[in-house]
file query_2.txt (compact mmCIF, C-alpha atoms (C1' of nucleotides))
# COMPACT_ATOMS: atom_id res chain seq x y z
CA MET A 1 63.15 188.62 -126.39
CA LYS A 2 60.37 186.41 -127.66
CA ILE A 3 58.47 184.42 -125.07
CA LEU A 4 58.16 180.78 -126.01
CA HIS A 5 55.01 179.19 -124.71
CA HIS A 6 55.32 175.80 -123.10
CA PRO A 7 52.18 174.00 -122.00
CA ASP A 8 51.84 173.35 -118.31
CA ARG A 9 52.31 169.79 -117.19
CA SER A 10 48.56 169.39 -116.76
CA GLU A 11 47.92 170.71 -120.24
CA ILE A 12 49.88 168.00 -121.99
CA HIS A 13 47.45 165.82 -123.92
CA LEU A 14 48.02 162.25 -124.90
CA SER A 15 46.68 162.67 -128.42
CA SER A 16 48.92 165.65 -129.06
CA VAL A 17 51.97 163.81 -127.79
CA LEU A 18 51.22 160.79 -129.94
CA TYR A 19 50.53 162.98 -132.93
CA ALA A 20 53.75 164.93 -132.49
CA LEU A 21 55.72 161.70 -132.29
CA SER A 22 53.99 160.11 -135.28
CA ASP A 23 56.21 162.06 -137.67
CA PRO A 24 59.49 160.27 -138.50
CA VAL A 25 61.46 163.52 -138.56
CA ARG A 26 60.21 164.57 -135.14
CA LEU A 27 60.78 161.10 -133.75
CA TYR A 28 64.36 161.32 -134.93
CA ILE A 29 64.79 164.76 -133.40
CA VAL A 30 63.51 163.50 -130.06
CA SER A 31 65.79 160.48 -130.13
CA GLU A 32 68.76 162.73 -130.82
CA ILE A 33 67.88 165.00 -127.93
CA LYS A 34 67.49 161.97 -125.69
CA LYS A 35 71.03 160.84 -126.53
CA ALA A 36 72.69 164.21 -126.19
CA GLY A 37 70.62 165.70 -123.38
CA GLU A 38 70.40 169.03 -125.11
CA ARG A 39 70.72 169.99 -128.74
CA THR A 40 70.31 172.99 -130.96
CA CYS A 41 68.28 172.96 -134.16
CA GLY A 42 71.37 173.38 -136.30
CA ASP A 43 72.99 170.51 -134.49
CA MET A 44 70.71 167.95 -135.96
CA SER A 45 71.24 166.82 -139.50
CA VAL A 46 67.77 166.19 -140.77
CA PRO A 47 66.98 166.23 -144.49
CA VAL A 48 64.59 169.17 -144.34
CA ALA A 49 64.81 172.94 -144.80
CA LYS A 50 65.53 174.96 -141.69
CA SER A 51 62.06 176.48 -141.76
CA THR A 52 60.61 172.99 -141.73
CA LEU A 53 62.85 172.03 -138.86
CA SER A 54 61.69 175.11 -137.01
CA HIS A 55 58.11 174.02 -137.56
CA HIS A 56 58.85 170.58 -136.13
CA ALA A 57 60.56 172.06 -133.10
CA ARG A 58 57.54 174.20 -132.49
CA THR A 59 55.20 171.22 -132.79
CA LEU A 60 57.25 169.32 -130.23
CA ARG A 61 57.31 172.28 -127.89
CA GLU A 62 53.59 172.94 -128.13
CA ALA A 63 52.83 169.28 -127.52
CA GLY A 64 54.82 169.51 -124.30
CA ILE A 65 57.54 167.12 -125.38
CA VAL A 66 60.50 169.45 -125.46
CA ASN A 67 61.65 172.46 -123.57
CA VAL A 68 63.24 175.25 -125.59
CA ARG A 69 65.81 177.44 -123.91
CA VAL A 70 67.14 180.54 -125.62
CA HIS A 71 70.91 180.90 -125.53
CA GLY A 72 72.29 183.64 -127.73
CA THR A 73 71.19 183.04 -131.28
CA GLN A 74 70.57 179.41 -130.59
CA ARG A 75 67.69 177.48 -129.11
CA LEU A 76 68.55 174.58 -126.92
CA LEU A 77 66.06 171.74 -127.00
CA SER A 78 65.74 169.28 -124.14
CA LEU A 79 63.21 166.60 -123.31
CA ARG A 80 60.55 167.25 -120.69
CA THR A 81 61.25 163.84 -119.26
CA GLU A 82 59.89 164.44 -115.79
CA ASP A 83 56.65 166.01 -116.94
CA LEU A 84 56.03 163.29 -119.47
CA GLU A 85 56.83 160.58 -116.99
CA PHE A 86 54.47 162.16 -114.50
CA ARG A 87 51.61 162.34 -116.96
CA PHE A 88 52.22 159.18 -118.97
CA PRO A 89 54.49 156.77 -117.09
CA GLY A 90 56.63 154.62 -119.33
CA LEU A 91 55.28 156.11 -122.52
CA LEU A 92 58.28 158.06 -123.76
CA ASN A 93 60.70 155.25 -123.07
CA ALA A 94 58.47 152.70 -124.78
CA ILE A 95 58.30 154.91 -127.86
CA LEU A 96 62.01 155.73 -127.96
CA ASP A 97 63.02 152.12 -127.36
CA ALA A 98 60.70 151.09 -130.18
CA PHE A 99 62.25 153.72 -132.43
CA GLU A 100 65.79 152.62 -131.67
CA SER A 101 65.06 149.00 -132.44
CA SER A 102 63.07 149.79 -135.57
CA PHE A 103 64.23 150.56 -139.07
CA GLU A 104 62.60 153.94 -139.01
CA LYS A 105 65.71 155.72 -137.88
CA ASP A 106 67.75 154.23 -140.73
CA GLN A 107 66.45 156.71 -143.25
CA PHE A 108 68.29 159.48 -141.43
CA LEU A 109 71.65 157.79 -141.12
CA ASN A 110 73.08 159.13 -144.36
CA SER A 111 71.56 162.55 -144.40
CA MET B 1 33.76 137.74 -149.52
CA LYS B 2 35.96 140.78 -149.38
CA ILE B 3 39.54 140.19 -148.37
CA LEU B 4 40.65 142.55 -145.63
CA HIS B 5 44.31 143.33 -145.77
CA HIS B 6 46.22 143.21 -142.55
CA PRO B 7 49.88 144.22 -142.54
CA ASP B 8 52.34 141.53 -141.62
CA ARG B 9 53.91 141.83 -138.20
CA SER B 10 57.13 143.06 -139.78
CA GLU B 11 55.27 145.68 -141.76
CA ILE B 12 53.87 147.47 -138.73
CA HIS B 13 55.53 150.87 -138.49
CA LEU B 14 55.93 152.88 -135.35
CA SER B 15 54.91 156.18 -136.94
CA SER B 16 51.73 154.65 -138.35
CA VAL B 17 50.81 153.13 -135.00
CA LEU B 18 51.39 156.42 -133.18
CA TYR B 19 49.48 158.30 -135.84
CA ALA B 20 46.53 155.93 -135.69
CA LEU B 21 46.40 156.27 -131.92
CA SER B 22 46.71 160.05 -131.95
CA ASP B 23 43.02 160.42 -132.77
CA PRO B 24 40.80 160.53 -129.66
CA VAL B 25 38.03 158.54 -131.34
CA ARG B 26 40.39 155.77 -132.36
CA LEU B 27 42.03 155.75 -128.97
CA TYR B 28 38.62 155.29 -127.43
CA ILE B 29 37.78 152.46 -129.83
CA VAL B 30 41.02 150.68 -128.98
CA SER B 31 40.43 151.05 -125.25
CA GLU B 32 36.94 149.60 -125.67
CA ILE B 33 38.28 146.63 -127.59
CA LYS B 34 40.93 146.11 -124.94
CA LYS B 35 38.25 145.89 -122.24
CA ALA B 36 35.88 143.63 -124.13
CA GLY B 37 38.36 141.51 -126.05
CA GLU B 38 36.33 141.71 -129.22
CA ARG B 39 33.78 144.23 -130.40
CA THR B 40 31.76 145.05 -133.48
CA CYS B 41 31.59 148.50 -135.02
CA GLY B 42 27.96 148.93 -134.06
CA ASP B 43 28.81 147.92 -130.54
CA MET B 44 30.71 151.05 -129.80
CA SER B 45 28.90 154.25 -129.06
CA VAL B 46 31.06 156.91 -130.56
CA PRO B 47 29.67 160.29 -131.58
CA VAL B 48 30.40 159.93 -135.29
CA ALA B 49 28.53 158.74 -138.36
CA LYS B 50 28.84 155.08 -139.22
CA SER B 51 30.84 155.85 -142.33
CA THR B 52 33.31 157.76 -140.20
CA LEU B 53 33.54 154.89 -137.76
CA SER B 54 34.22 152.59 -140.66
CA HIS B 55 37.04 154.86 -141.73
CA HIS B 56 38.58 154.76 -138.26
CA ALA B 57 38.32 150.98 -138.13
CA ARG B 58 40.13 150.80 -141.43
CA THR B 59 42.88 153.12 -140.22
CA LEU B 60 43.42 150.95 -137.17
CA ARG B 61 43.48 147.80 -139.27
CA GLU B 62 45.92 149.19 -141.82
CA ALA B 63 48.21 150.42 -139.06
CA GLY B 64 48.34 146.88 -137.72
CA ILE B 65 46.63 147.66 -134.45
CA VAL B 66 43.45 145.66 -134.84
CA ASN B 67 42.45 142.45 -136.48
CA VAL B 68 39.11 142.41 -138.27
CA ARG B 69 37.24 139.14 -138.49
CA VAL B 70 34.13 138.79 -140.62
CA HIS B 71 31.21 137.12 -138.89
CA GLY B 72 27.95 137.27 -140.76
CA THR B 73 27.13 140.86 -141.45
CA GLN B 74 29.32 142.05 -138.63
CA ARG B 75 33.02 142.72 -138.33
CA LEU B 76 34.64 141.74 -135.10
CA LEU B 77 37.58 143.88 -134.06
CA SER B 78 40.27 142.60 -131.74
CA LEU B 79 43.65 143.94 -130.70
CA ARG B 80 46.81 142.53 -132.26
CA THR B 81 48.34 142.43 -128.82
CA GLU B 82 51.00 139.82 -129.52
CA ASP B 83 52.22 141.41 -132.72
CA LEU B 84 52.39 144.85 -131.17
CA GLU B 85 54.14 143.55 -128.09
CA PHE B 86 56.65 141.76 -130.28
CA ARG B 87 57.43 144.84 -132.33
CA PHE B 88 57.09 147.54 -129.68
CA PRO B 89 57.32 146.06 -126.18
CA GLY B 90 55.33 147.94 -123.58
CA LEU B 91 54.07 150.53 -126.02
CA LEU B 92 50.40 149.63 -126.24
CA ASN B 93 50.02 149.23 -122.50
CA ALA B 94 51.77 152.52 -121.82
CA ILE B 95 49.41 154.28 -124.22
CA LEU B 96 46.26 152.61 -122.96
CA ASP B 97 47.19 153.15 -119.33
CA ALA B 98 47.82 156.79 -120.12
CA PHE B 99 44.47 157.03 -121.84
CA GLU B 100 42.61 155.47 -118.94
CA SER B 101 44.16 157.82 -116.42
CA SER B 102 43.70 160.90 -118.59
CA PHE B 103 40.68 163.07 -119.16
CA GLU B 104 40.64 162.31 -122.84
CA LYS B 105 38.22 159.46 -122.49
CA ASP B 106 35.73 161.63 -120.59
CA GLN B 107 34.41 163.24 -123.72
CA PHE B 108 32.94 159.92 -124.78
CA LEU B 109 31.22 159.05 -121.54
CA ASN B 110 27.89 160.66 -122.39
CA SER B 111 27.69 159.89 -126.04
C1' DT C 1 13.38 136.11 -153.60
C1' DT C 2 12.60 139.95 -150.80
C1' DC C 3 13.60 142.32 -146.48
C1' DT C 4 16.69 143.60 -142.76
C1' DT C 5 20.86 144.48 -140.55
C1' DA C 6 25.80 145.74 -140.51
C1' DT C 7 29.19 147.81 -142.66
C1' DT C 8 31.76 149.75 -146.66
C1' DT C 9 32.43 152.72 -150.51
C1' DC C 10 31.71 157.06 -152.95
C1' DG C 11 31.74 161.94 -153.62
C1' DA C 12 32.03 166.21 -151.56
C1' DT C 13 33.50 169.44 -148.20
C1' DT C 14 36.32 171.50 -144.91
C1' DG C 15 40.23 171.88 -142.43
C1' DT C 16 45.03 170.62 -141.34
C1' DT C 17 49.86 169.72 -142.23
C1' DA C 18 54.50 169.12 -144.24
C1' DT C 19 57.21 171.33 -147.13
C1' DC C 20 59.81 175.05 -149.38
C1' DG C 21 62.19 179.65 -150.26
C1' DA C 22 62.41 184.37 -149.09
C1' DA C 23 62.29 187.81 -145.86
C1' DC C 24 62.94 189.02 -141.18
C1' DA C 25 64.80 189.31 -136.29
C1' DA C 26 68.07 188.62 -132.65
C1' DC C 27 72.40 188.12 -131.20
C1' DA C 28 77.64 187.77 -131.18
C1' DG C 29 81.97 188.94 -132.67
C1' DA C 30 85.22 191.76 -135.42
C1' DT D 1 78.47 199.41 -136.83
C1' DC D 2 78.90 195.86 -140.12
C1' DT D 3 78.77 190.91 -140.85
C1' DG D 4 77.80 186.25 -140.26
C1' DT D 5 75.14 182.77 -137.63
C1' DT D 6 70.86 180.92 -135.95
C1' DG D 7 66.43 180.47 -136.00
C1' DT D 8 61.46 182.27 -136.84
C1' DT D 9 57.73 183.93 -139.60
C1' DC D 10 55.28 184.49 -143.94
C1' DG D 11 53.01 183.05 -148.06
C1' DA D 12 52.25 179.51 -151.12
C1' DT D 13 51.48 174.82 -152.51
C1' DA D 14 50.28 170.13 -152.56
C1' DA D 15 48.85 166.27 -150.05
C1' DC D 16 46.21 164.29 -146.73
C1' DA D 17 42.48 163.42 -143.27
C1' DA D 18 38.05 163.77 -140.67
C1' DT D 19 33.60 164.24 -141.45
C1' DC D 20 29.01 163.57 -143.52
C1' DG D 21 24.95 161.57 -146.22
C1' DA D 22 23.64 158.66 -149.82
C1' DA D 23 24.23 154.67 -152.34
C1' DA D 24 26.13 150.09 -152.58
C1' DT D 25 27.36 145.53 -150.78
C1' DA D 26 27.03 141.32 -148.32
C1' DA D 27 25.07 138.02 -145.38
C1' DG D 28 21.14 136.15 -143.01
C1' DA D 29 16.24 135.74 -142.06
C1' DA D 30 11.50 135.48 -143.52
call {"tool": "encode", "arguments": {"input": "query_2.txt", "output": "structure tokens"}}
result
Amino acid sequence: MKILHHPDRSEIHLSSVLYALSDPVRLYIVSEIKKAGERTCGDMSVPVAKSTLSHHARTLREAGIVNVRVHGTQRLLSLRTEDLEFRFPGLLNAILDAFESSFEKDQFLNS
Amino acid sequence: MKILHHPDRSEIHLSSVLYALSDPVRLYIVSEIKKAGERTCGDMSVPVAKSTLSHHARTLREAGIVNVRVHGTQRLLSLRTEDLEFRFPGLLNAILDAFESSFEKDQFLNS
DNA sequence: TTCTTATTTCGATTGTTATCGAACAACAGA
DNA sequence: TCTGTTGTTCGATAACAATCGAAATAAGAA
């Protein structure tokens, strides 16, 4: 089985986190995970090819934002809430609250 | 005199703000402005060419993060604190606090 | 008007990224 | 073992971004 690298808590960098979350698709993915707790890639209806979705999942994982757990043929994504809160208190919530109250999520509603 | 376009408060997008702040140089610029209230481009000692600095200032202005005021031959940059707080409550502070307590600012200390 | 200072714009370069489809790999169930 | 499901990797493409130096601009001072 493939080993998925997750950065250590201390290796999570602010710029990388902000960059990873500056993409509307990834922001949407993260907000979906936040709501559901854990989601698979196929679970999320985003208007991109599955290879693109895979790329986004990888970006989020390498930035230290999500944890990926292998379960059969699926990958379960969850937020690294504690680690992020430890490193950057209040950041994730501020971003996700902003996303929820913005119009940026609207473009995914009918996709 | 050249007109500098600043996006309206309602035109500030979360992704653009996060993207603009995902660059270490720009993050440093913003943290310097935050401390001083207002700064000129030449004021800030960043390890990049002046044309590059100009590019970063433009990115921050177009993302709606800074206001640029012309004063003689200089441009005074200030944070659009109120607008950002209105659109994304707590976001800017969470990011700047994270930056201050991270090691990311260290790379600029001796430049 | 000429010089100086502060900053922008231009053109070029180099590197990165988002995207896709096709091929591949891992697993589960029949 | 075959088949379908799930997701990754590969190769390609097109767009974008960070960077620089040189030239241009704009305002003020001499």
call {"tool": "closest_atom_pairs", "arguments": {"input": "query_2.txt", "of": "chain C", "to": "chain B", "cutoff": "10 Å", "atoms": "all atoms listed in the file", "output": "Markdown table"}}
result
| residue | atom | partner | partner_atom | distance |
| --- | --- | --- | --- | --- |
| C:DT5 | C1' | B:Thr73 | CA | 7.3 |
| C:DA6 | C1' | B:Thr73 | CA | 5.1 |
| C:DT7 | C1' | B:Gln74 | CA | 7.0 |
| C:DT8 | C1' | B:Ser54 | CA | 7.1 |
| C:DT9 | C1' | B:Ser51 | CA | 8.9 |
call {"tool": "atom_distance", "arguments": {"input": "query_2.txt", "atom1": "CA of His5 (chain A)", "atom2": "CA of Thr81 (chain A)"}}
result
17.4 Å
call {"tool": "residues_around", "arguments": {"input": "query_2.txt", "residues": "Met44 (chain A)", "least_positions_apart": "5", "cutoff": "8 Å", "atoms": "all atoms listed in the file", "output": "PDB file with C-alpha atoms, in the coordinates of the input"}}
result
ATOM      1  CA  ILE A  29      64.790 164.760-133.400  1.00  0.00           C
ATOM      2  CA  GLU A  32      68.760 162.730-130.820  1.00  0.00           C
ATOM      3  CA  ARG A  39      70.720 169.990-128.740  1.00  0.00           C
TER       4      ARG A  39
END
call {"tool": "closest_atom_pairs", "arguments": {"input": "query_2.txt", "of": "chain D", "to": "chain B", "cutoff": "10 Å", "atoms": "only C-alpha atoms (C1' of nucleotides)", "output": "Markdown table"}}
result
| residue | atom | partner | partner_atom | distance |
| --- | --- | --- | --- | --- |
| D:DA18 | C1' | B:Thr52 | CA | 7.7 |
| D:DT19 | C1' | B:Thr52 | CA | 6.6 |
| D:DC20 | C1' | B:Ala49 | CA | 7.1 |
| D:DG21 | C1' | B:Ser51 | CA | 9.1 |
| D:DT25 | C1' | B:Lys2 | CA | 9.9 |
| D:DA26 | C1' | B:Thr73 | CA | 6.9 |
| D:DA27 | C1' | B:Thr73 | CA | 5.3 |
| D:DG28 | C1' | B:Gly72 | CA | 7.3 |
call {"tool": "atom_distance", "arguments": {"input": "query_2.txt", "atom1": "CA of Glu11 (chain B)", "atom2": "C1' of DA17 (chain D)"}}
result
21.9 Å
call {"tool": "interface_residues", "arguments": {"input": "query_2.txt", "of": "chain B", "to": "chain A", "cutoff": "9 Å", "atoms": "only C-alpha atoms", "output": "VMD selection string"}}
result
chain B and resid 13 to 24 27 87 to 95 97 to 99 101 to 104
call {"tool": "write_last_selection", "arguments": {"input": "query_2.txt", "atoms": "C-alpha atoms", "output": "mmCIF file, in the frame of the given file"}}
result
data_model
loop_
_atom_site.group_PDB
_atom_site.id
_atom_site.type_symbol
_atom_site.label_atom_id
_atom_site.label_comp_id
_atom_site.auth_asym_id
_atom_site.auth_seq_id
_atom_site.Cartn_x
_atom_site.Cartn_y
_atom_site.Cartn_z
ATOM 1 C CA HIS B 13 55.530 150.870 -138.490
ATOM 2 C CA LEU B 14 55.930 152.880 -135.350
ATOM 3 C CA SER B 15 54.910 156.180 -136.940
ATOM 4 C CA SER B 16 51.730 154.650 -138.350
ATOM 5 C CA VAL B 17 50.810 153.130 -135.000
ATOM 6 C CA LEU B 18 51.390 156.420 -133.180
ATOM 7 C CA TYR B 19 49.480 158.300 -135.840
ATOM 8 C CA ALA B 20 46.530 155.930 -135.690
ATOM 9 C CA LEU B 21 46.400 156.270 -131.920
ATOM 10 C CA SER B 22 46.710 160.050 -131.950
ATOM 11 C CA ASP B 23 43.020 160.420 -132.770
ATOM 12 C CA PRO B 24 40.800 160.530 -129.660
ATOM 13 C CA LEU B 27 42.030 155.750 -128.970
ATOM 14 C CA ARG B 87 57.430 144.840 -132.330
ATOM 15 C CA PHE B 88 57.090 147.540 -129.680
ATOM 16 C CA PRO B 89 57.320 146.060 -126.180
ATOM 17 C CA GLY B 90 55.330 147.940 -123.580
ATOM 18 C CA LEU B 91 54.070 150.530 -126.020
ATOM 19 C CA LEU B 92 50.400 149.630 -126.240
ATOM 20 C CA ASN B 93 50.020 149.230 -122.500
ATOM 21 C CA ALA B 94 51.770 152.520 -121.820
ATOM 22 C CA ILE B 95 49.410 154.280 -124.220
ATOM 23 C CA ASP B 97 47.190 153.150 -119.330
ATOM 24 C CA ALA B 98 47.820 156.790 -120.120
ATOM 25 C CA PHE B 99 44.470 157.030 -121.840
ATOM 26 C CA SER B 101 44.160 157.820 -116.420
ATOM 27 C CA SER B 102 43.700 160.900 -118.590
ATOM 28 C CA PHE B 103 40.680 163.070 -119.160
ATOM 29 C CA GLU B 104 40.640 162.310 -122.840
#
call {"tool": "calpha_fit_and_write", "arguments": {"input": "query_2.txt", "fixed": "chain B", "moving": "chain A", "output": "PDB file with C-alpha atoms, in the coordinates of the input"}}
result
ATOM      1  CA  MET A   1      33.642 137.815-149.577  1.00  0.00           C
ATOM      2  CA  LYS A   2      35.908 140.825-149.396  1.00  0.00           C
ATOM      3  CA  ILE A   3      39.484 140.193-148.351  1.00  0.00           C
ATOM      4  CA  LEU A   4      40.609 142.539-145.619  1.00  0.00           C
ATOM      5  CA  HIS A   5      44.287 143.306-145.764  1.00  0.00           C
ATOM      6  CA  HIS A   6      46.208 143.190-142.527  1.00  0.00           C
ATOM      7  CA  PRO A   7      49.853 144.203-142.522  1.00  0.00           C
ATOM      8  CA  ASP A   8      52.325 141.521-141.603  1.00  0.00           C
ATOM      9  CA  ARG A   9      53.929 141.818-138.213  1.00  0.00           C
ATOM     10  CA  SER A  10      57.141 143.070-139.801  1.00  0.00           C
ATOM     11  CA  GLU A  11      55.264 145.692-141.767  1.00  0.00           C
ATOM     12  CA  ILE A  12      53.888 147.464-138.731  1.00  0.00           C
ATOM     13  CA  HIS A  13      55.527 150.876-138.490  1.00  0.00           C
ATOM     14  CA  LEU A  14      55.940 152.886-135.357  1.00  0.00           C
ATOM     15  CA  SER A  15      54.914 156.168-136.949  1.00  0.00           C
ATOM     16  CA  SER A  16      51.742 154.652-138.346  1.00  0.00           C
ATOM     17  CA  VAL A  17      50.822 153.143-135.003  1.00  0.00           C
ATOM     18  CA  LEU A  18      51.396 156.421-133.204  1.00  0.00           C
ATOM     19  CA  TYR A  19      49.485 158.309-135.849  1.00  0.00           C
ATOM     20  CA  ALA A  20      46.544 155.923-135.704  1.00  0.00           C
ATOM     21  CA  LEU A  21      46.400 156.274-131.935  1.00  0.00           C
ATOM     22  CA  SER A  22      46.719 160.063-131.976  1.00  0.00           C
ATOM     23  CA  ASP A  23      43.024 160.420-132.788  1.00  0.00           C
ATOM     24  CA  PRO A  24      40.791 160.550-129.682  1.00  0.00           C
ATOM     25  CA  VAL A  25      38.029 158.549-131.360  1.00  0.00           C
ATOM     26  CA  ARG A  26      40.394 155.770-132.382  1.00  0.00           C
ATOM     27  CA  LEU A  27      42.032 155.767-128.974  1.00  0.00           C
ATOM     28  CA  TYR A  28      38.618 155.276-127.440  1.00  0.00           C
ATOM     29  CA  ILE A  29      37.793 152.472-129.852  1.00  0.00           C
ATOM     30  CA  VAL A  30      41.022 150.687-128.974  1.00  0.00           C
ATOM     31  CA  SER A  31      40.419 151.060-125.256  1.00  0.00           C
ATOM     32  CA  GLU A  32      36.949 149.592-125.665  1.00  0.00           C
ATOM     33  CA  ILE A  33      38.286 146.627-127.590  1.00  0.00           C
ATOM     34  CA  LYS A  34      40.933 146.115-124.929  1.00  0.00           C
ATOM     35  CA  LYS A  35      38.246 145.891-122.237  1.00  0.00           C
ATOM     36  CA  ALA A  36      35.886 143.629-124.120  1.00  0.00           C
ATOM     37  CA  GLY A  37      38.376 141.501-126.035  1.00  0.00           C
ATOM     38  CA  GLU A  38      36.346 141.707-129.192  1.00  0.00           C
ATOM     39  CA  ARG A  39      33.802 144.224-130.372  1.00  0.00           C
ATOM     40  CA  THR A  40      31.781 145.042-133.429  1.00  0.00           C
ATOM     41  CA  CYS A  41      31.618 148.504-134.962  1.00  0.00           C
ATOM     42  CA  GLY A  42      27.984 148.922-133.999  1.00  0.00           C
ATOM     43  CA  ASP A  43      28.825 147.925-130.472  1.00  0.00           C
ATOM     44  CA  MET A  44      30.741 151.047-129.765  1.00  0.00           C
ATOM     45  CA  SER A  45      28.886 154.236-129.076  1.00  0.00           C
ATOM     46  CA  VAL A  46      31.068 156.887-130.580  1.00  0.00           C
ATOM     47  CA  PRO A  47      29.665 160.274-131.593  1.00  0.00           C
ATOM     48  CA  VAL A  48      30.425 159.909-135.290  1.00  0.00           C
ATOM     49  CA  ALA A  49      28.571 158.712-138.390  1.00  0.00           C
ATOM     50  CA  LYS A  50      28.913 155.044-139.225  1.00  0.00           C
ATOM     51  CA  SER A  51      30.913 155.844-142.342  1.00  0.00           C
ATOM     52  CA  THR A  52      33.358 157.763-140.193  1.00  0.00           C
ATOM     53  CA  LEU A  53      33.565 154.887-137.772  1.00  0.00           C
ATOM     54  CA  SER A  54      34.249 152.576-140.678  1.00  0.00           C
ATOM     55  CA  HIS A  55      37.074 154.852-141.747  1.00  0.00           C
ATOM     56  CA  HIS A  56      38.594 154.738-138.268  1.00  0.00           C
ATOM     57  CA  ALA A  57      38.353 150.967-138.140  1.00  0.00           C
ATOM     58  CA  ARG A  58      40.139 150.781-141.434  1.00  0.00           C
ATOM     59  CA  THR A  59      42.884 153.118-140.231  1.00  0.00           C
ATOM     60  CA  LEU A  60      43.429 150.946-137.173  1.00  0.00           C
ATOM     61  CA  ARG A  61      43.499 147.802-139.259  1.00  0.00           C
ATOM     62  CA  GLU A  62      45.926 149.180-141.816  1.00  0.00           C
ATOM     63  CA  ALA A  63      48.224 150.418-139.072  1.00  0.00           C
ATOM     64  CA  GLY A  64      48.352 146.875-137.724  1.00  0.00           C
ATOM     65  CA  ILE A  65      46.637 147.668-134.451  1.00  0.00           C
ATOM     66  CA  VAL A  66      43.470 145.665-134.840  1.00  0.00           C
ATOM     67  CA  ASN A  67      42.458 142.454-136.458  1.00  0.00           C
ATOM     68  CA  VAL A  68      39.114 142.414-138.249  1.00  0.00           C
ATOM     69  CA  ARG A  69      37.233 139.152-138.462  1.00  0.00           C
ATOM     70  CA  VAL A  70      34.132 138.832-140.603  1.00  0.00           C
ATOM     71  CA  HIS A  71      31.197 137.154-138.893  1.00  0.00           C
ATOM     72  CA  GLY A  72      27.935 137.365-140.781  1.00  0.00           C
ATOM     73  CA  THR A  73      27.102 140.984-141.399  1.00  0.00           C
ATOM     74  CA  GLN A  74      29.326 142.089-138.593  1.00  0.00           C
ATOM     75  CA  ARG A  75      33.027 142.737-138.285  1.00  0.00           C
ATOM     76  CA  LEU A  76      34.654 141.730-135.078  1.00  0.00           C
ATOM     77  CA  LEU A  77      37.577 143.887-134.039  1.00  0.00           C
ATOM     78  CA  SER A  78      40.284 142.605-131.723  1.00  0.00           C
ATOM     79  CA  LEU A  79      43.661 143.956-130.701  1.00  0.00           C
ATOM     80  CA  ARG A  80      46.817 142.547-132.257  1.00  0.00           C
ATOM     81  CA  THR A  81      48.355 142.437-128.824  1.00  0.00           C
ATOM     82  CA  GLU A  82      51.002 139.838-129.521  1.00  0.00           C
ATOM     83  CA  ASP A  83      52.233 141.427-132.722  1.00  0.00           C
ATOM     84  CA  LEU A  84      52.393 144.851-131.162  1.00  0.00           C
ATOM     85  CA  GLU A  85      54.148 143.551-128.102  1.00  0.00           C
ATOM     86  CA  PHE A  86      56.652 141.766-130.295  1.00  0.00           C
ATOM     87  CA  ARG A  87      57.430 144.850-132.331  1.00  0.00           C
ATOM     88  CA  PHE A  88      57.106 147.540-129.674  1.00  0.00           C
ATOM     89  CA  PRO A  89      57.317 146.051-126.177  1.00  0.00           C
ATOM     90  CA  GLY A  90      55.331 147.939-123.587  1.00  0.00           C
ATOM     91  CA  LEU A  91      54.079 150.527-126.027  1.00  0.00           C
ATOM     92  CA  LEU A  92      50.408 149.624-126.253  1.00  0.00           C
ATOM     93  CA  ASN A  93      50.024 149.227-122.521  1.00  0.00           C
ATOM     94  CA  ALA A  94      51.771 152.524-121.832  1.00  0.00           C
ATOM     95  CA  ILE A  95      49.412 154.278-124.232  1.00  0.00           C
ATOM     96  CA  LEU A  96      46.245 152.600-122.966  1.00  0.00           C
ATOM     97  CA  ASP A  97      47.184 153.140-119.328  1.00  0.00           C
ATOM     98  CA  ALA A  98      47.825 156.794-120.123  1.00  0.00           C
ATOM     99  CA  PHE A  99      44.450 157.024-121.837  1.00  0.00           C
ATOM    100  CA  GLU A 100      42.604 155.457-118.929  1.00  0.00           C
ATOM    101  CA  SER A 101      44.129 157.815-116.410  1.00  0.00           C
ATOM    102  CA  SER A 102      43.660 160.878-118.596  1.00  0.00           C
ATOM    103  CA  PHE A 103      40.624 163.037-119.153  1.00  0.00           C
ATOM    104  CA  GLU A 104      40.593 162.279-122.828  1.00  0.00           C
ATOM    105  CA  LYS A 105      38.168 159.429-122.496  1.00  0.00           C
ATOM    106  CA  ASP A 106      35.679 161.602-120.602  1.00  0.00           C
ATOM    107  CA  GLN A 107      34.368 163.220-123.741  1.00  0.00           C
ATOM    108  CA  PHE A 108      32.890 159.894-124.804  1.00  0.00           C
ATOM    109  CA  LEU A 109      31.166 159.005-121.566  1.00  0.00           C
ATOM    110  CA  ASN A 110      27.847 160.617-122.416  1.00  0.00           C
ATOM    111  CA  SER A 111      27.665 159.884-126.082  1.00  0.00           C
TER     112      SER A 111
END
call {"tool": "atom_distance", "arguments": {"input": "query_2.txt", "atom1": "C1' of DT5 (chain D)", "atom2": "C1' of DT19 (chain C)"}}
result
23.3 Å
call {"tool": "closest_residue", "arguments": {"input": "query_2.txt", "among": "A:Ile12, A:Leu109, A:Ala36, A:Val46", "to": "Leu60 (chain A)", "atoms": "all atoms listed in the file"}}
result
A:Ile12
